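Data file: entry_26.txt. Format and content: compact mmCIF, C-alpha atoms and all ligand atoms.
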# COMPACT_ATOMS: atom_id res chain seq x y z
CA MET A 8 140.54 67.80 111.89
CA SER A 9 137.12 66.56 112.81
CA GLU A 10 135.10 69.08 110.81
CA GLN A 11 135.26 70.28 107.23
CA ILE A 12 133.16 72.89 105.52
CA ARG A 13 131.59 71.95 102.23
CA THR A 14 129.63 74.37 100.10
CA VAL A 15 126.37 73.06 98.72
CA ARG A 16 124.49 74.72 95.88
CA LEU A 17 120.71 74.67 96.24
CA PRO A 18 118.67 75.47 93.11
CA VAL A 19 115.76 77.80 93.95
CA MET A 20 114.31 79.42 90.80
CA ARG A 21 111.74 81.78 92.29
CA ARG A 22 110.85 85.34 91.44
CA VAL A 23 112.68 87.93 93.53
CA LEU A 24 109.55 90.08 93.82
CA GLU A 25 107.25 87.15 94.57
CA ALA A 26 105.90 88.74 97.76
CA ASN A 27 104.88 91.91 95.89
CA ASP A 28 103.41 89.86 93.03
CA ASP A 29 101.30 87.79 95.43
CA ILE A 30 99.76 90.89 97.02
CA ALA A 31 99.11 92.38 93.58
CA ALA A 32 97.43 89.17 92.44
CA ALA A 33 95.07 89.28 95.44
CA THR A 34 94.25 92.93 94.69
CA ARG A 35 93.55 92.06 91.05
CA VAL A 36 91.10 89.35 92.09
CA GLU A 37 89.33 91.69 94.50
CA LEU A 38 89.05 94.52 91.95
CA ALA A 39 87.74 92.11 89.30
CA ARG A 40 85.17 90.79 91.77
CA ARG A 41 83.98 94.37 92.25
CA HIS A 42 84.01 94.98 88.46
CA ILE A 43 86.46 97.85 88.86
CA PHE A 44 88.81 98.66 85.99
CA ALA A 45 92.15 99.71 87.53
CA ILE A 46 94.85 101.71 85.76
CA ASP A 47 98.44 102.14 86.84
CA LEU A 48 99.32 105.54 85.32
CA MET A 49 103.06 105.87 84.89
CA GLY A 50 105.11 108.73 83.50
CA ALA A 51 108.07 111.03 84.05
CA PRO A 52 107.89 113.86 86.61
CA GLY A 53 105.89 116.68 85.08
CA SER A 54 104.65 114.66 82.10
CA GLY A 55 101.11 115.63 83.09
CA LYS A 56 99.75 112.65 85.03
CA THR A 57 97.79 114.78 87.50
CA ALA A 58 96.67 117.19 84.77
CA LEU A 59 95.44 114.24 82.70
CA LEU A 60 93.49 112.86 85.66
CA GLU A 61 92.00 116.27 86.48
CA ALA A 62 90.69 116.63 82.93
CA THR A 63 89.58 112.99 82.78
CA LEU A 64 87.68 113.17 86.07
CA ARG A 65 85.91 116.30 84.80
CA ALA A 66 84.95 114.50 81.59
CA LEU A 67 83.77 111.36 83.39
CA ALA A 68 81.61 113.23 85.93
CA GLY A 69 78.06 111.88 85.86
CA ARG A 70 79.02 109.03 83.47
CA ARG A 71 81.46 106.85 85.42
CA ARG A 72 82.26 106.75 89.10
CA ALA A 73 86.00 107.01 89.66
CA ALA A 74 88.36 106.59 92.59
CA VAL A 75 91.98 107.74 92.69
CA LEU A 76 95.11 106.65 94.50
CA VAL A 77 97.98 109.03 94.09
CA GLY A 78 101.57 108.29 95.02
CA ASP A 79 103.76 111.26 95.78
CA LEU A 80 107.16 111.56 97.37
CA ALA A 81 106.63 114.20 99.97
CA THR A 82 103.65 116.45 99.33
CA ARG A 83 99.87 116.23 99.30
CA ARG A 84 99.58 118.58 96.34
CA ASP A 85 98.46 116.11 93.69
CA GLY A 86 95.91 114.58 96.05
CA ASP A 87 94.51 118.03 96.83
CA ARG A 88 94.32 118.89 93.13
CA LEU A 89 92.41 115.70 92.36
CA ALA A 90 90.08 115.94 95.36
CA ARG A 91 88.45 118.94 93.65
CA TYR A 92 87.08 116.58 90.98
CA CYS A 93 86.61 113.33 92.87
CA ASP A 94 85.37 112.53 96.38
CA ARG A 95 87.30 109.27 96.61
CA VAL A 96 90.99 110.15 96.63
CA VAL A 97 93.68 108.62 98.79
CA GLN A 98 97.17 110.08 98.82
CA ILE A 99 100.01 107.61 99.34
CA SER A 100 103.15 109.28 100.62
CA THR A 101 106.05 107.19 99.43
CA GLY A 102 108.61 109.20 101.39
CA GLU A 103 111.88 108.35 99.66
CA GLY A 104 110.37 105.52 97.61
CA CYS A 105 110.68 106.02 93.87
CA HIS A 106 107.66 103.84 92.96
CA LEU A 107 104.46 102.41 94.41
CA GLU A 108 104.38 98.83 95.66
CA ALA A 109 101.47 96.41 95.89
CA ALA A 110 101.19 96.58 99.68
CA GLN A 111 100.80 100.38 99.59
CA VAL A 112 97.98 100.07 97.07
CA ARG A 113 96.28 97.31 99.07
CA ASP A 114 96.45 99.41 102.25
CA ALA A 115 95.22 102.56 100.51
CA LEU A 116 92.30 100.67 98.96
CA ALA A 117 91.26 99.59 102.44
CA GLN A 118 90.67 103.30 103.22
CA LEU A 119 88.43 103.83 100.18
CA ASP A 120 84.71 103.27 99.77
CA LEU A 121 84.73 101.22 96.57
CA ASP A 122 80.96 100.76 96.33
CA GLY A 123 79.77 101.65 92.86
CA VAL A 124 83.23 102.55 91.59
CA ASP A 125 83.81 101.74 87.89
CA ILE A 126 87.34 102.98 87.36
CA LEU A 127 90.29 103.20 89.72
CA PHE A 128 93.15 105.47 88.67
CA ILE A 129 96.50 104.97 90.38
CA GLU A 130 98.92 107.84 89.72
CA ASN A 131 102.35 106.34 90.21
CA VAL A 132 105.38 108.30 91.37
CA GLY A 133 106.86 110.42 88.57
CA ASN A 134 109.50 108.10 87.17
CA LEU A 135 110.05 106.21 83.89
CA ILE A 136 112.11 103.41 85.37
CA CYS A 137 111.25 102.19 88.85
CA PRO A 138 107.44 101.77 88.75
CA VAL A 139 107.44 99.50 85.70
CA GLY A 140 108.57 96.27 87.35
CA PHE A 141 106.25 96.46 90.36
CA ASP A 142 102.85 94.90 89.81
CA LEU A 143 100.15 96.77 91.75
CA GLY A 144 97.17 94.61 90.80
CA GLN A 145 96.07 96.92 87.96
CA ALA A 146 94.15 95.72 84.90
CA ALA A 147 96.14 98.00 82.59
CA LYS A 148 99.35 99.94 82.68
CA VAL A 149 99.05 103.29 80.93
CA GLY A 150 102.34 104.97 80.03
CA LEU A 151 102.32 108.74 79.66
CA PHE A 152 105.01 110.44 77.61
CA SER A 153 104.96 114.14 76.82
CA LEU A 154 106.41 116.20 73.99
CA THR A 155 108.58 118.30 76.30
CA GLU A 156 110.56 115.24 77.45
CA GLY A 157 112.03 114.73 73.97
CA ASP A 158 111.42 112.11 71.29
CA ASP A 159 114.09 109.68 72.55
CA LYS A 160 112.37 108.64 75.77
CA ALA A 161 110.73 105.49 74.36
CA ALA A 162 114.09 104.23 73.11
CA LYS A 163 115.73 105.04 76.45
CA HIS A 164 113.06 103.26 78.50
CA PRO A 165 112.27 99.98 76.74
CA TYR A 166 110.60 98.28 79.72
CA PHE A 167 108.20 101.21 80.10
CA VAL A 168 107.17 100.71 76.46
CA THR A 169 106.87 96.91 76.47
CA ALA A 170 104.92 96.88 79.76
CA ALA A 171 102.33 99.46 78.64
CA ASP A 172 98.84 98.44 77.52
CA LEU A 173 98.28 101.97 76.24
CA LEU A 174 100.69 104.82 75.54
CA LEU A 175 99.59 108.44 75.70
CA LEU A 176 101.66 111.24 74.18
CA ASN A 177 100.71 114.35 76.12
CA LYS A 178 101.21 118.11 75.57
CA ILE A 179 100.50 117.69 71.86
CA ASP A 180 99.32 121.33 71.92
CA LEU A 181 102.98 122.32 72.22
CA ALA A 182 103.98 120.60 68.95
CA PRO A 183 104.34 123.89 67.01
CA HIS A 184 106.92 125.10 69.53
CA LEU A 185 109.06 121.96 69.71
CA SER A 186 111.08 119.84 67.29
CA PHE A 187 109.69 116.49 68.41
CA ASP A 188 110.27 113.75 65.81
CA ARG A 189 106.83 112.11 66.06
CA ALA A 190 107.57 109.49 63.36
CA GLY A 191 110.91 108.55 64.93
CA PHE A 192 109.23 108.22 68.33
CA GLU A 193 106.68 105.83 66.85
CA THR A 194 109.38 103.79 65.08
CA ASP A 195 111.14 103.24 68.43
CA VAL A 196 107.87 102.28 70.14
CA ARG A 197 106.94 99.84 67.36
CA LEU A 198 110.30 98.05 67.47
CA LEU A 199 109.70 97.35 71.16
CA ASN A 200 105.94 96.92 71.21
CA PRO A 201 104.26 96.31 67.85
CA SER A 202 100.68 96.41 69.11
CA VAL A 203 100.32 99.03 71.87
CA PRO A 204 97.90 101.83 70.95
CA ILE A 205 99.46 105.33 70.95
CA LEU A 206 97.12 108.28 71.49
CA ASP A 207 98.22 111.90 71.04
CA ILE A 208 96.50 114.05 73.67
CA SER A 209 96.59 117.37 75.44
CA ALA A 210 95.44 117.48 79.04
CA THR A 211 95.25 121.27 78.67
CA THR A 212 93.19 121.66 75.49
CA GLY A 213 91.38 118.31 75.53
CA GLU A 214 92.74 117.36 72.11
CA GLY A 215 92.62 113.59 71.59
CA PHE A 216 90.32 113.05 74.57
CA ASP A 217 87.62 111.42 72.44
CA SER A 218 89.91 108.46 71.76
CA TRP A 219 91.21 108.32 75.34
CA LEU A 220 87.70 108.42 76.85
CA ALA A 221 86.50 105.81 74.35
CA TRP A 222 89.36 103.52 75.37
CA LEU A 223 88.42 104.07 79.04
CA ASP A 224 84.74 103.45 78.37
CA ASN A 225 85.39 100.23 76.46
CA SER A 226 87.77 98.97 79.15
CA ALA A 227 85.38 99.85 81.99
CA ALA A 228 82.50 98.23 80.13
CA ALA A 229 84.54 95.05 79.63
CA ALA A 230 85.41 94.97 83.35
CA SER A 231 81.78 95.41 84.38
CA THR A 232 80.57 92.16 82.84
CA MET B 5 118.41 111.06 98.61
CA LEU B 6 115.81 109.24 96.59
CA ARG B 7 115.88 105.52 97.13
CA VAL B 8 116.69 103.68 93.93
CA HIS B 9 114.47 100.76 93.03
CA GLU B 10 117.51 98.49 93.27
CA PHE B 11 117.07 98.96 97.03
CA SER B 12 113.54 97.51 97.02
CA ILE B 13 114.76 94.65 94.87
CA ALA B 14 117.65 93.93 97.24
CA GLU B 15 115.17 93.86 100.14
CA GLY B 16 112.90 91.47 98.27
CA LEU B 17 115.88 89.33 97.38
CA ALA B 18 117.10 89.11 100.99
CA ALA B 19 113.63 88.00 102.11
CA GLN B 20 113.44 85.43 99.32
CA VAL B 21 116.92 84.06 100.16
CA LEU B 22 116.02 83.70 103.83
CA ALA B 23 112.75 81.99 102.92
CA ASN B 24 114.61 79.43 100.80
CA ALA B 25 117.69 78.76 102.91
CA PRO B 26 117.57 76.01 105.55
CA ALA B 27 117.15 77.55 109.01
CA GLY B 28 120.46 78.74 110.45
CA ALA B 29 122.45 77.96 107.29
CA HIS B 30 125.36 80.19 106.42
CA VAL B 31 124.67 81.57 102.94
CA ARG B 32 127.85 82.05 100.91
CA ASP B 33 126.58 82.82 97.38
CA VAL B 34 123.35 84.10 95.92
CA GLU B 35 122.77 83.71 92.16
CA ILE B 36 120.20 85.83 90.37
CA ARG B 37 119.21 86.23 86.73
CA ILE B 38 118.02 89.56 85.33
CA GLY B 39 116.32 89.97 81.95
CA ALA B 40 117.50 92.72 79.61
CA LEU B 41 114.21 94.62 79.93
CA ARG B 42 114.68 95.22 83.65
CA GLY B 43 117.43 97.75 82.99
CA LEU B 44 118.89 97.18 86.44
CA GLU B 45 122.30 98.57 87.28
CA PRO B 46 124.40 95.66 88.61
CA GLU B 47 126.67 98.11 90.44
CA ALA B 48 123.71 99.74 92.20
CA LEU B 49 122.21 96.36 93.02
CA LEU B 50 125.49 95.13 94.54
CA MET B 51 125.74 98.27 96.68
CA CYS B 52 122.14 97.91 97.83
CA TRP B 53 122.65 94.22 98.56
CA ASP B 54 125.61 95.03 100.82
CA SER B 55 123.66 97.71 102.60
CA VAL B 56 120.47 95.64 103.00
CA THR B 57 122.35 92.60 104.35
CA PHE B 58 124.71 94.57 106.60
CA GLY B 59 124.42 93.33 110.17
CA THR B 60 122.07 90.49 109.20
CA PRO B 61 122.72 86.74 108.88
CA LEU B 62 123.20 87.33 105.13
CA ALA B 63 126.09 89.76 105.63
CA GLY B 64 129.03 88.78 103.46
CA ALA B 65 127.00 86.63 101.08
CA THR B 66 128.23 87.22 97.53
CA LEU B 67 125.69 88.28 94.94
CA GLN B 68 126.31 86.78 91.50
CA ILE B 69 124.35 88.58 88.79
CA ASP B 70 123.61 86.93 85.46
CA GLN B 71 122.57 89.93 83.37
CA ARG B 72 120.88 88.64 80.19
CA PRO B 73 121.60 90.56 76.98
CA TRP B 74 119.12 91.76 74.36
CA SER B 75 118.29 89.45 71.47
CA ILE B 76 118.46 91.34 68.18
CA ARG B 77 116.91 90.13 64.94
CA CYS B 78 117.36 91.80 61.57
CA SER B 79 114.24 91.58 59.47
CA GLN B 80 116.16 92.37 56.28
CA CYS B 81 118.93 89.77 56.30
CA GLY B 82 117.67 87.42 59.00
CA ARG B 83 120.80 87.74 61.16
CA GLU B 84 120.32 87.19 64.92
CA TRP B 85 122.72 88.17 67.68
CA THR B 86 122.85 89.43 71.25
CA SER B 87 123.74 92.93 72.43
CA PRO B 88 124.02 94.79 75.72
CA VAL B 89 121.93 97.63 74.22
CA PRO B 90 118.61 97.34 72.37
CA PHE B 91 118.99 99.82 69.52
CA VAL B 92 121.78 98.81 67.15
CA SER B 93 122.28 98.71 63.39
CA CYS B 94 122.86 95.52 61.43
CA GLN B 95 126.01 95.01 59.35
CA CYS B 96 123.72 94.68 56.30
CA GLY B 97 122.86 98.38 56.69
CA ASN B 98 119.44 98.01 58.29
CA ALA B 99 119.21 100.69 60.98
CA THR B 100 116.19 99.19 62.74
CA PRO B 101 116.69 95.55 63.74
CA VAL B 102 114.12 94.34 66.28
CA PRO B 103 115.26 94.08 69.93
CA SER B 104 113.65 91.70 72.39
CA GLY B 105 114.46 91.02 75.99
CA GLY B 106 113.04 89.15 78.94
CA ASP B 107 111.75 90.75 82.14
CA GLU B 108 112.76 87.90 84.44
CA LEU B 109 114.12 88.75 87.87
CA ASP B 110 114.78 85.41 89.47
CA LEU B 111 116.59 83.95 92.43
CA VAL B 112 118.29 81.04 90.66
CA ALA B 113 120.24 79.33 93.44
CA ILE B 114 121.93 79.80 96.78
CA SER B 115 125.07 78.16 98.07
CA ILE B 116 125.32 77.33 101.74
CA ASP B 117 128.07 75.97 103.96
CA GLU B 118 127.49 72.51 105.27
CA GLU B 119 129.61 71.11 108.07
CA GLU B 120 130.86 67.56 107.64
CA THR B 121 131.96 65.60 110.66
N1 LIG A 301 100.91 122.79 77.51
C1 LIG A 301 100.56 121.74 78.24
N2 LIG A 301 100.95 121.68 79.53
C2 LIG A 301 100.59 120.59 80.26
C3 LIG A 301 99.81 119.55 79.70
N3 LIG A 301 99.62 118.60 80.65
C4 LIG A 301 100.25 119.05 81.76
N4 LIG A 301 100.82 120.25 81.53
C5 LIG A 301 101.61 121.05 82.48
O1 LIG A 301 102.74 120.30 82.88
C6 LIG A 301 103.06 120.58 84.25
C7 LIG A 301 103.14 119.30 85.05
O2 LIG A 301 101.87 118.70 85.10
P1 LIG A 301 101.47 117.68 86.25
O3 LIG A 301 100.09 117.22 85.94
O4 LIG A 301 101.69 118.26 87.59
O5 LIG A 301 102.53 116.52 86.00
P2 LIG A 301 102.71 115.14 86.79
O6 LIG A 301 103.11 114.13 85.78
O7 LIG A 301 101.51 114.84 87.61
O8 LIG A 301 103.96 115.47 87.73
P3 LIG A 301 104.46 114.68 89.05
O9 LIG A 301 103.27 114.15 89.77
O10 LIG A 301 105.22 115.69 89.83
O11 LIG A 301 105.35 113.57 88.54
C8 LIG A 301 101.99 121.52 84.75
O12 LIG A 301 102.48 122.81 84.70
C9 LIG A 301 100.85 121.31 83.77
O13 LIG A 301 100.04 122.43 83.63
C10 LIG A 301 99.40 119.66 78.33
O14 LIG A 301 98.75 118.79 77.74
N5 LIG A 301 99.82 120.77 77.65
MG MG A 302 101.32 114.41 89.62
ZN ZN A 303 120.65 92.73 58.58

Reformat the file's structure so that it appears as structure tokens.
Ligand SMILES: Nc1nc2c(ncn2[C@@H]2O[C@H](COP(=O)(O)OP(=O)(O)OP(=O)(O)O)[C@@H](O)[C@H]2O)c(=O)[nH]1
Ligand SMILES: [Mg+2]
Ligand SMILES: [Zn+2]
Amino acid sequence: MSEQIRTVRLPVMRRVLEANDDIAAATRVELARRHIFAIDLMGAPGSGKTALLEATLRALAGRRRAAVLVGDLATRRDGDRLARYCDRVVQISTGEGCHLEAAQVRDALAQLDLDGVDILFIENVGNLICPVGFDLGQAAKVGLFSLTEGDDKAAKHPYFVTAADLLLLNKIDLAPHLSFDRAGFETDVRLLNPSVPILDISATTGEGFDSWLAWLDNSAAAAST
Amino acid sequence: MLRVHEFSIAEGLAAQVLANAPAGAHVRDVEIRIGALRGLEPEALLMCWDSVTFGTPLAGATLQIDQRPWSIRCSQCGREWTSPVPFVSCQCGNATPVPSGGDELDLVAISIDEEET
């Protein structure tokens, strides 16, 4: 025997998603340079992400200039809905992808005129799990829950709760029709994330929008300095 | 079929392994560490790893997953322990001990075959 095989262990210790994180970091620098406040809006399918953005764009008209990236599996429907309220919308078709990745956001931003934009909304693919771990270069992650999903969704999706800079609880107008344990929901959130603000809102009636718009205004103002 | 995010992670992992292995080396084992917060399914990740590496130089490399548990702390009696799930009661009766978990997703090490003459 002239040859023997020996197995050698090489320590590496690097992040698995380093390539995505590097692209996101470059996007974050570029958006900060342009004084744009970017939000990664995450939430379950049908939680009301597009409805929230429609109502928000209406409310911001004339006060803040917004741009929107919207990830969708197979259709252009959300992009078309949002284009009625905003002239800077890019639809990202993720095909079979269950979440947006930093390279898709970077490429979509290259198609947008960002001059004068104050706030960038990124509607992620409807999903409580996959989008959370993929940095897009946003300044804030906003997590959208809704009453119709049930009060156990915070407990069932801990990473969604710990990663969020703001949690919105949508469809609050439906509270009289549902048995949503609002206090229990908040207990679960607080065990995971003691400090995240929770705002009860309705994208349909506009309830709670004062607080949501104030949060947006403060964040955009902070990014503009 | 919707692609699970374990698929994207397996793709990222394969790229990271190739970037850190000496050129042409035969990779035998890949060790990763996953924080409790990530909520990744080891079974799904193993399946995706096999499918991502199929027909590539990484085919056959074994994926060893170190899935970190949740740390649980009871604010009433001070007890601390680990658990595979975040929401558990304490033996003192407290129904709401505080869970905490990491969100690490790291390539820890690779093992390669080296020929000795
Ligand atoms: N009652 C009520 N209905 C709402 C509210 N917000 C959204 N909806 C309804 O919920 C449904 C889903 O809303 P979308 O905005 O399409 O939800 P989405 O999160 O964008 O869904 P995907 O993009 O498919 O993941 C629509 O029928 C909306 O009219 C709300 O505050 N109250
Ligand atoms: Mg939508
Ligand atoms: Zn206890």

Contacts of ligand ZN 303 (chain A), 10 Å or closer, only C-alpha atoms and all ligand atoms, given as a PyMOL selection string: chain B and resi 76-84+93-101

Could you give me, as a tab-separated table, a per-residue list for chain A showing, wherever an atom lies at most 12 Å from an atom of ligand MG 302 (chain A), the closest pair of atoms and their distance in Å to one decimal, using all atoms listed in the file and sorting by chain then residue number from low to high?
residue	atom	partner	partner_atom	distance
A:Leu48	CA	A:MG302	MG	10.1
A:Met49	CA	A:MG302	MG	9.9
A:Gly50	CA	A:MG302	MG	9.2
A:Ala51	CA	A:MG302	MG	9.4
A:Pro52	CA	A:MG302	MG	7.2
A:Gly53	CA	A:MG302	MG	6.8
A:Ser54	CA	A:MG302	MG	8.2
A:Gly55	CA	A:MG302	MG	6.6
A:Lys56	CA	A:MG302	MG	5.2
A:Thr57	CA	A:MG302	MG	4.1
A:Ala58	CA	A:MG302	MG	7.3
A:Leu59	CA	A:MG302	MG	9.1
A:Leu60	CA	A:MG302	MG	8.9
A:Glu61	CA	A:MG302	MG	10.0
A:Val75	CA	A:MG302	MG	11.9
A:Leu76	CA	A:MG302	MG	11.1
A:Val77	CA	A:MG302	MG	7.8
A:Gly78	CA	A:MG302	MG	8.2
A:Asp79	CA	A:MG302	MG	7.3
A:Leu80	CA	A:MG302	MG	10.1
A:Ala81	CA	A:MG302	MG	11.6
A:Thr82	CA	A:MG302	MG	10.2
A:Arg83	CA	A:MG302	MG	10.0
A:Arg84	CA	A:MG302	MG	8.1
A:Asp85	CA	A:MG302	MG	5.3
A:Gly86	CA	A:MG302	MG	8.4
A:Asp87	CA	A:MG302	MG	10.6
A:Arg88	CA	A:MG302	MG	9.0
A:Leu89	CA	A:MG302	MG	9.4
A:Gln98	CA	A:MG302	MG	11.0
A:Ile99	CA	A:MG302	MG	11.9
A:Ile129	CA	A:MG302	MG	10.6
A:Glu130	CA	A:MG302	MG	7.0
A:Asn131	CA	A:MG302	MG	8.2
A:Val132	CA	A:MG302	MG	7.5
A:Gly133	CA	A:MG302	MG	6.9
A:Asn134	CA	A:MG302	MG	10.6
A:Leu151	CA	A:MG302	MG	11.5

Would you list the contacts of Leu41 in chain B as a ChimeraX atom specification, taking every protein, DNA or RNA residue within 9 Å and counting only C-alpha atoms, but skipping same-chain residues closer than 6 positions in sequence? /A:164-167,169 /B:72-74,104-108

Pull the neighbourhood of (117.1, 95.8, 89.7) for me: all residues within 6 Å in file coordinates, counting all atoms listed in the file, as a PDB file with C-alpha atoms, in the frame of the given file.
ATOM      1  CA  GLU B  10     117.510  98.490  93.270  1.00  0.00           C
ATOM      2  CA  ILE B  13     114.760  94.650  94.870  1.00  0.00           C
ATOM      3  CA  LEU B  44     118.890  97.180  86.440  1.00  0.00           C
TER       4      LEU B  44
END

Which residues of chain B sit at most 10 Å from chain A, using only C-alpha atoms? Give each one's shortest atom pair and distance in Å (one decimal place), in chain and ascending residue order, as a Markdown table.
| residue | atom | partner | partner_atom | distance |
| --- | --- | --- | --- | --- |
| B:Met5 | CA | A:Glu103 | CA | 7.1 |
| B:Leu6 | CA | A:Glu103 | CA | 5.1 |
| B:Arg7 | CA | A:Glu103 | CA | 5.5 |
| B:Val8 | CA | A:Cys105 | CA | 6.4 |
| B:His9 | CA | A:Cys137 | CA | 5.5 |
| B:Glu10 | CA | A:Cys137 | CA | 8.5 |
| B:Phe11 | CA | A:Gly104 | CA | 9.4 |
| B:Ser12 | CA | A:Gly104 | CA | 8.6 |
| B:Ile13 | CA | A:Leu24 | CA | 7.0 |
| B:Ala14 | CA | A:Val23 | CA | 8.6 |
| B:Glu15 | CA | A:Val23 | CA | 9.2 |
| B:Gly16 | CA | A:Leu24 | CA | 5.7 |
| B:Leu17 | CA | A:Val23 | CA | 5.2 |
| B:Ala18 | CA | A:Val23 | CA | 8.8 |
| B:Ala19 | CA | A:Val23 | CA | 8.6 |
| B:Gln20 | CA | A:Val23 | CA | 6.4 |
| B:Val21 | CA | A:Val23 | CA | 8.8 |
| B:Asn24 | CA | A:Val19 | CA | 7.1 |
| B:Ala25 | CA | A:Leu17 | CA | 8.4 |
| B:Pro26 | CA | A:Leu17 | CA | 9.9 |
| B:His30 | CA | A:Thr14 | CA | 9.6 |
| B:Val31 | CA | A:Thr14 | CA | 9.2 |
| B:Arg32 | CA | A:Thr14 | CA | 7.9 |
| B:Asp33 | CA | A:Arg16 | CA | 8.5 |
| B:Val34 | CA | A:Arg16 | CA | 9.4 |
| B:Glu35 | CA | A:Pro18 | CA | 9.3 |
| B:Ile36 | CA | A:Val23 | CA | 8.4 |
| B:Arg37 | CA | A:Met20 | CA | 9.3 |
| B:Ile38 | CA | A:Val23 | CA | 9.9 |
| B:Ala40 | CA | A:Tyr166 | CA | 8.9 |
| B:Leu41 | CA | A:Tyr166 | CA | 5.1 |
| B:Arg42 | CA | A:Tyr166 | CA | 6.4 |
| B:Gly43 | CA | A:Tyr166 | CA | 7.6 |
| B:Leu44 | CA | A:Ile136 | CA | 9.3 |
| B:Val89 | CA | A:Lys163 | CA | 9.9 |
| B:Pro90 | CA | A:Pro165 | CA | 8.1 |
| B:Phe91 | CA | A:Ala162 | CA | 7.5 |
| B:Thr100 | CA | A:Leu198 | CA | 7.6 |
| B:Pro101 | CA | A:Leu198 | CA | 7.8 |
| B:Val102 | CA | A:Leu198 | CA | 5.5 |
| B:Pro103 | CA | A:Leu199 | CA | 6.6 |
| B:Ser104 | CA | A:Leu199 | CA | 7.0 |
| B:Gly105 | CA | A:Tyr166 | CA | 9.0 |
| B:Gly106 | CA | A:Tyr166 | CA | 9.5 |
| B:Asp107 | CA | A:Tyr166 | CA | 8.0 |
| B:Glu108 | CA | A:Arg22 | CA | 7.7 |
| B:Leu109 | CA | A:Val23 | CA | 5.9 |
| B:Asp110 | CA | A:Arg22 | CA | 4.4 |
| B:Leu111 | CA | A:Arg21 | CA | 5.3 |
| B:Val112 | CA | A:Met20 | CA | 4.3 |
| B:Ala113 | CA | A:Pro18 | CA | 4.2 |
| B:Ile114 | CA | A:Leu17 | CA | 5.3 |
| B:Ser115 | CA | A:Arg16 | CA | 4.1 |
| B:Ile116 | CA | A:Val15 | CA | 5.3 |
| B:Asp117 | CA | A:Thr14 | CA | 4.5 |
| B:Glu118 | CA | A:Arg13 | CA | 5.1 |
| B:Glu119 | CA | A:Ile12 | CA | 4.7 |
| B:Glu120 | CA | A:Gln11 | CA | 5.2 |
| B:Thr121 | CA | A:Glu10 | CA | 4.7 |

To one decimal place, how far is CA of Ala161 in chain A from CA of Val92 in chain B in Å?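 That distance, rounded to one decimal, is 14.8 Å.
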
Under the rule that all atoms listed in the file are counted, which of A:Val124, A:Ile205, A:Ala146, A:Leu154 is the nearest residue to Leu175 in chain A?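 Selected residue with least distance to Leu175 in chain A: A:Ile205.
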
Would you kindly return, as number ranges by chain, each protein, DNA or RNA residue with an atom no farther than 10 Å from any atom of Arg72 in chain A, considering only C-alpha atoms and excluding same-chain residues fewer than 3 positions away? A: 43, 64, 67-69, 93-95, 121-127

Nearest candidate to Thr212 in chain A (options A:Lys178, A:Gly144, A:His184, A:Ala227; using only C-alpha atoms):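 Residue with the minimum atom-to-atom distance to Thr212 in chain A: A:Lys178.
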
When you count only C-alpha atoms and all ligand atoms, which of these residues is closest to ligand LIG 301 (chain A): A:Ile208, A:Leu173, A:Ala45, A:Leu143?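 Of A:Ile208, A:Leu173, A:Ala45, A:Leu143, the one nearest ligand LIG 301 (chain A), counting only C-alpha atoms and all ligand atoms, is A:Ile208.
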
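What separates CA of Asn177 in chain A from CA of Ala109 in chain A is a distance of 26.7 Å.
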
Pairwise distance for atom N3 of ligand LIG 301 (chain A) and CA of Ser153 in chain A, rounded to one decimal in Å: 7.9 Å

Top pick for closest residue to Asn225 in chain A, considering A:Ala33, A:Arg189, A:Leu119, A:Phe44 and counting all atoms listed in the file: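 Comparing A:Ala33, A:Arg189, A:Leu119, A:Phe44 against Asn225 in chain A, the winner is A:Phe44.
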
Would you kindly return, as a VMD selection string, each protein, DNA or RNA residue with an atom no farther than 10 Å from any atom of Leu50 in chain B, considering only C-alpha atoms and excluding same-chain residues fewer than 3 positions away? chain B and resid 10 to 11 14 45 to 47 53 to 56 66 to 69

Grab all the atoms of range 175-194 of chain A that the file lists, wrap them in a box along x, y and z, add 8 Å per side, and give me centre plus edge lengths in Å (one decimal) as JSON.
{"center_x": 105.2, "center_y": 114.4, "center_z": 69.7, "size_x": 27.8, "size_y": 37.3, "size_z": 28.8}
